[in-house]
Every structure is written in C-alpha cells, then in structure tokens.
Amino acid sequence: MAQLEKLKQIVIRGKMKAAMEWIDTFLQSGEKLVVFAVHRETTFTLMERFKGEAVRVIGGISDRERQAAVDRFQTDDGIRLFCGNIQAAGSGITLTAACNTVFLELPWTPGKLVQAEDRIYRIGQSQPCNIWYLVGSGTIDEDMAMMLEAKAKVLGAVLDGVPEEETSLIGELIKKLKGESK
C-alpha cells in the first residue's frame with residue numbers, strides 16, 4: 001500500500017503543470033470550479049498558484065474556517081476556485097455556486113468519489129453539472145480509475161441484489177502493477 005501511495009504522489013507531481021493549465025483555461029470561461037485532490041500538498045500548490053481567487057478546505061482546519069471558505073466560494077464572485085481535500089471537503093458542504101468539478105487525484109473508494117461529486121449536485125443547483133477526472137495516461141491513475149469502476153460495479157450488484165464474482169480489487173491492482181494480471 002505504501003508503494004501504491006508513493007506512485008500516486010509521483011503521478012500528481014508529474015501532472016500538476018498540465019492540471020493548472022487546464023484549470024486556467026477553464027477559469028477563462030468565467031464559471032466557478034470545484035477541485036478535489038487527495039493530498040494536502042496538491043491543495044497547497046493550487047492555493048499558491050490561484051491565491052486571491054481560491055479558497056481551500058483541508059483536514060485540520062476548524063469548523064469555522066471550513067464554513068468561512070464555503071461561504072466565500074458560494075457568495076463572492078471574485079472567488080472562482082474551491083480547492084478541497086476529498087477527505088475533508090468531500091461531504092457535508094454545499095457548493096452549488098459551481099456546476100463544475102474536477103478531480104486531480106482519485107480516492108480509494110467509489111463512495112468517497114460520489115460523495116465529493118455530490119457537493120455540486122445539491123438542492124438549489126439549477127444548472128446541469130459536469131464532472132471531470134484528470135487521469136494520467138499509462139499511470140497508476142488509470143489503474144485507480146479501473147479499480148473504482150470495478151468497485152462501483154460490485155457495490156451496485158450488492159445493493160441491487162445481483163450476485164457478483166468475488167474478487168480482491170486491491171489484490172488485482174497489485175497483480176496488474178507487478179505484471180501478473182491476465
């Protein structure tokens with residue numbers, strides 16, 4: 001698991017320049033954007049680049065600071081970017097000032113992904129919503145995306161009562177990375 005986490009950190013560092021260019025291009029549309037990441041360092045990098053037009057919610061901030069960031073994003077036209085750590089900002093807040101979300105990094109579970117997506121899909125949202133995933137081609141990102149999709153299928157099968165083939169998804173990911181998969 002530690003090696004997988006290191007790979008994820010290497011990938012995000014490698015794609016930050018392109019991700020910030022994508023965010024720059026998006027912000028030229030004049031719309032607000034919610035950005036989710038896994039690592040705190042990613043949000044620090046974004047805040048440095050987009051200071052003055054961004055707010056951030058990460059673990060370790062007070063409830064008051066968290067709410068102040070959400071309120072600024074929701075009401076201040078000058079704040080066009082919300083940077084959130086998936087763990088800290090992926091649930092319990094409403095971000096309907098935006099109808100666009102981008103994931104720079106993926107969490108380990110589809111539930112966390114859906115919860116984070118739902119920050120813009122809330123009561124009061126009047127616009128169609130768009131979700132983007134910036135996935136590094138040929139990297140652990142692609143493997144994570146496939147694993148999340150497989151997990152979502154298993155969860156869907158369980159919730160819908162349809163038997164699904166039993167498998168260890170993390171085990172499959174490790175096998176794939178070692179070149180042992182089918």
# chains A, B, ... in the order shown; residues from 1 in each chain; ligands from 1
$ closest_atom_pairs --of "region 41-76 of chain A" --to "region 80-96 of chain A" --cutoff "8 Å" --atoms "only C-alpha atoms" --output "tab-separated table"
residue	atom	partner	partner_atom	distance
A:Thr43	CA	A:Cys83	CA	6.0
A:Leu46	CA	A:Cys83	CA	7.3
A:Met47	CA	A:Cys83	CA	7.5
A:Phe50	CA	A:Leu81	CA	7.9
A:Glu53	CA	A:Arg80	CA	5.6
A:Ala54	CA	A:Leu81	CA	4.5
A:Val55	CA	A:Phe82	CA	5.1
A:Arg56	CA	A:Cys83	CA	4.6
A:Val57	CA	A:Gly84	CA	4.9
A:Ile58	CA	A:Asn85	CA	5.1
A:Gly59	CA	A:Ala88	CA	5.1
A:Val70	CA	A:Leu95	CA	7.0
A:Phe73	CA	A:Phe82	CA	6.6
A:Gln74	CA	A:Leu95	CA	6.4
$ select_by_dssp --residues "chain A" --states "helix (DSSP H, G or I)" --output "ChimeraX atom specification"
/A:2-27,40-49,63-75,86-89,110-117,140-160,169-177
$ residues_around --residues "region 6-20 of chain A" --least-positions-apart "2" --cutoff "8 Å" --atoms "only C-alpha atoms" --output "list in words"
Ala2, Gln3, Leu4, Trp22, Ile23, Asp24, His39, Thr42, Leu46, Leu104, Glu105, Leu134, Gly136, Thr139, Ile140 and Asp141 of chain A
$ write_last_selection --atoms "N, CA and C atoms" --output "PDB file, in the first residue's frame"
ATOM      1  N   ALA A   2       1.968   1.208   0.757  1.00  0.00           N
ATOM      2  CA  ALA A   2       2.855   2.373   0.817  1.00  0.00           C
ATOM      3  C   ALA A   2       3.448   2.665  -0.557  1.00  0.00           C
ATOM      4  N   GLN A   3       3.793   1.621  -1.298  1.00  0.00           N
ATOM      5  CA  GLN A   3       4.346   1.820  -2.638  1.00  0.00           C
ATOM      6  C   GLN A   3       3.293   2.388  -3.585  1.00  0.00           C
ATOM      7  N   LEU A   4       2.052   1.931  -3.458  1.00  0.00           N
ATOM      8  CA  LEU A   4       0.973   2.472  -4.286  1.00  0.00           C
ATOM      9  C   LEU A   4       0.765   3.955  -3.989  1.00  0.00           C
ATOM     10  N   TRP A  22      -5.012  23.402 -17.285  1.00  0.00           N
ATOM     11  CA  TRP A  22      -6.413  23.056 -17.533  1.00  0.00           C
ATOM     12  C   TRP A  22      -7.328  23.949 -16.698  1.00  0.00           C
ATOM     13  N   ILE A  23      -6.973  24.143 -15.428  1.00  0.00           N
ATOM     14  CA  ILE A  23      -7.780  24.994 -14.543  1.00  0.00           C
ATOM     15  C   ILE A  23      -7.776  26.430 -15.049  1.00  0.00           C
ATOM     16  N   ASP A  24      -6.601  26.946 -15.447  1.00  0.00           N
ATOM     17  CA  ASP A  24      -6.512  28.299 -16.019  1.00  0.00           C
ATOM     18  C   ASP A  24      -7.453  28.450 -17.203  1.00  0.00           C
ATOM     19  N   HIS A  39      -4.187  14.573  -1.742  1.00  0.00           N
ATOM     20  CA  HIS A  39      -3.064  15.018  -0.931  1.00  0.00           C
ATOM     21  C   HIS A  39      -3.143  16.509  -0.608  1.00  0.00           C
ATOM     22  N   THR A  42      -1.167  18.929  -2.774  1.00  0.00           N
ATOM     23  CA  THR A  42      -1.794  19.338  -4.035  1.00  0.00           C
ATOM     24  C   THR A  42      -2.601  20.614  -3.827  1.00  0.00           C
ATOM     25  N   LEU A  46      -2.066  24.421  -5.470  1.00  0.00           N
ATOM     26  CA  LEU A  46      -3.153  25.149  -6.135  1.00  0.00           C
ATOM     27  C   LEU A  46      -3.387  26.518  -5.494  1.00  0.00           C
ATOM     28  N   LEU A 104      -8.341  15.910  -9.478  1.00  0.00           N
ATOM     29  CA  LEU A 104      -6.940  15.796  -9.878  1.00  0.00           C
ATOM     30  C   LEU A 104      -6.359  14.469  -9.419  1.00  0.00           C
ATOM     31  N   GLU A 105      -6.935  13.930  -8.338  1.00  0.00           N
ATOM     32  CA  GLU A 105      -6.492  12.652  -7.784  1.00  0.00           C
ATOM     33  C   GLU A 105      -7.748  11.856  -7.418  1.00  0.00           C
ATOM     34  N   LEU A 134      -9.002  14.207 -14.269  1.00  0.00           N
ATOM     35  CA  LEU A 134      -7.741  14.364 -14.983  1.00  0.00           C
ATOM     36  C   LEU A 134      -6.863  13.173 -14.632  1.00  0.00           C
ATOM     37  N   GLY A 136      -3.813  10.547 -15.506  1.00  0.00           N
ATOM     38  CA  GLY A 136      -2.535  10.414 -16.206  1.00  0.00           C
ATOM     39  C   GLY A 136      -2.491   9.127 -17.005  1.00  0.00           C
ATOM     40  N   THR A 139      -0.501   5.521 -16.170  1.00  0.00           N
ATOM     41  CA  THR A 139      -0.024   5.645 -14.792  1.00  0.00           C
ATOM     42  C   THR A 139      -0.953   4.905 -13.828  1.00  0.00           C
ATOM     43  N   ILE A 140      -0.623   4.974 -12.566  1.00  0.00           N
ATOM     44  CA  ILE A 140      -1.459   4.409 -11.508  1.00  0.00           C
ATOM     45  C   ILE A 140      -2.858   5.033 -11.541  1.00  0.00           C
ATOM     46  N   ASP A 141      -2.972   6.248 -12.071  1.00  0.00           N
ATOM     47  CA  ASP A 141      -4.282   6.898 -12.213  1.00  0.00           C
ATOM     48  C   ASP A 141      -5.254   6.019 -13.000  1.00  0.00           C
TER      49      ASP A 141
END
$ atom_distance --atom1 "CA of Asp77 (chain A)" --atom2 "CA of Leu33 (chain A)"
11.9 Å
$ select_by_dssp --residues "region 27-116 of chain A" --states "strand (DSSP E or B)" --output "PyMOL selection string"
chain A and resi 33-37+54-57+81-85+100-103
$ write_last_selection --atoms "C-alpha atoms" --output "mmCIF file, in the first residue's frame"
data_model
loop_
_atom_site.group_PDB
_atom_site.id
_atom_site.type_symbol
_atom_site.label_atom_id
_atom_site.label_comp_id
_atom_site.auth_asym_id
_atom_site.auth_seq_id
_atom_site.Cartn_x
_atom_site.Cartn_y
_atom_site.Cartn_z
ATOM 1 C CA LEU A 33 -14.829 25.369 -10.364
ATOM 2 C CA VAL A 34 -14.550 22.866 -7.515
ATOM 3 C CA VAL A 35 -11.243 20.971 -7.493
ATOM 4 C CA PHE A 36 -10.771 17.827 -5.431
ATOM 5 C CA ALA A 37 -7.468 16.219 -4.524
ATOM 6 C CA ALA A 54 -9.408 30.478 -4.434
ATOM 7 C CA VAL A 55 -10.424 29.044 -1.078
ATOM 8 C CA ARG A 56 -9.409 25.734 0.443
ATOM 9 C CA VAL A 57 -10.866 23.136 2.802
ATOM 10 C CA LEU A 81 -11.946 28.198 -7.308
ATOM 11 C CA PHE A 82 -12.667 25.859 -4.412
ATOM 12 C CA CYS A 83 -9.773 23.513 -3.580
ATOM 13 C CA GLY A 84 -10.781 20.628 -1.387
ATOM 14 C CA ASN A 85 -9.147 17.601 0.079
ATOM 15 C CA ASN A 100 -18.295 22.015 -12.487
ATOM 16 C CA THR A 101 -15.988 19.720 -10.547
ATOM 17 C CA VAL A 102 -12.612 18.291 -11.452
ATOM 18 C CA PHE A 103 -10.711 15.513 -9.695
#
$ residues_around --residues "region 124-128 of chain A" --least-positions-apart "2" --cutoff "8 Å" --atoms "only C-alpha atoms" --output "ChimeraX atom specification"
/A:96-97,99,120-122,130
$ residues_around --residues "Pro107 (chain A)" --least-positions-apart "3" --cutoff "7 Å" --atoms "only C-alpha atoms" --output "list of chain:residue names"
A:Val38, A:Lys112, A:Leu113
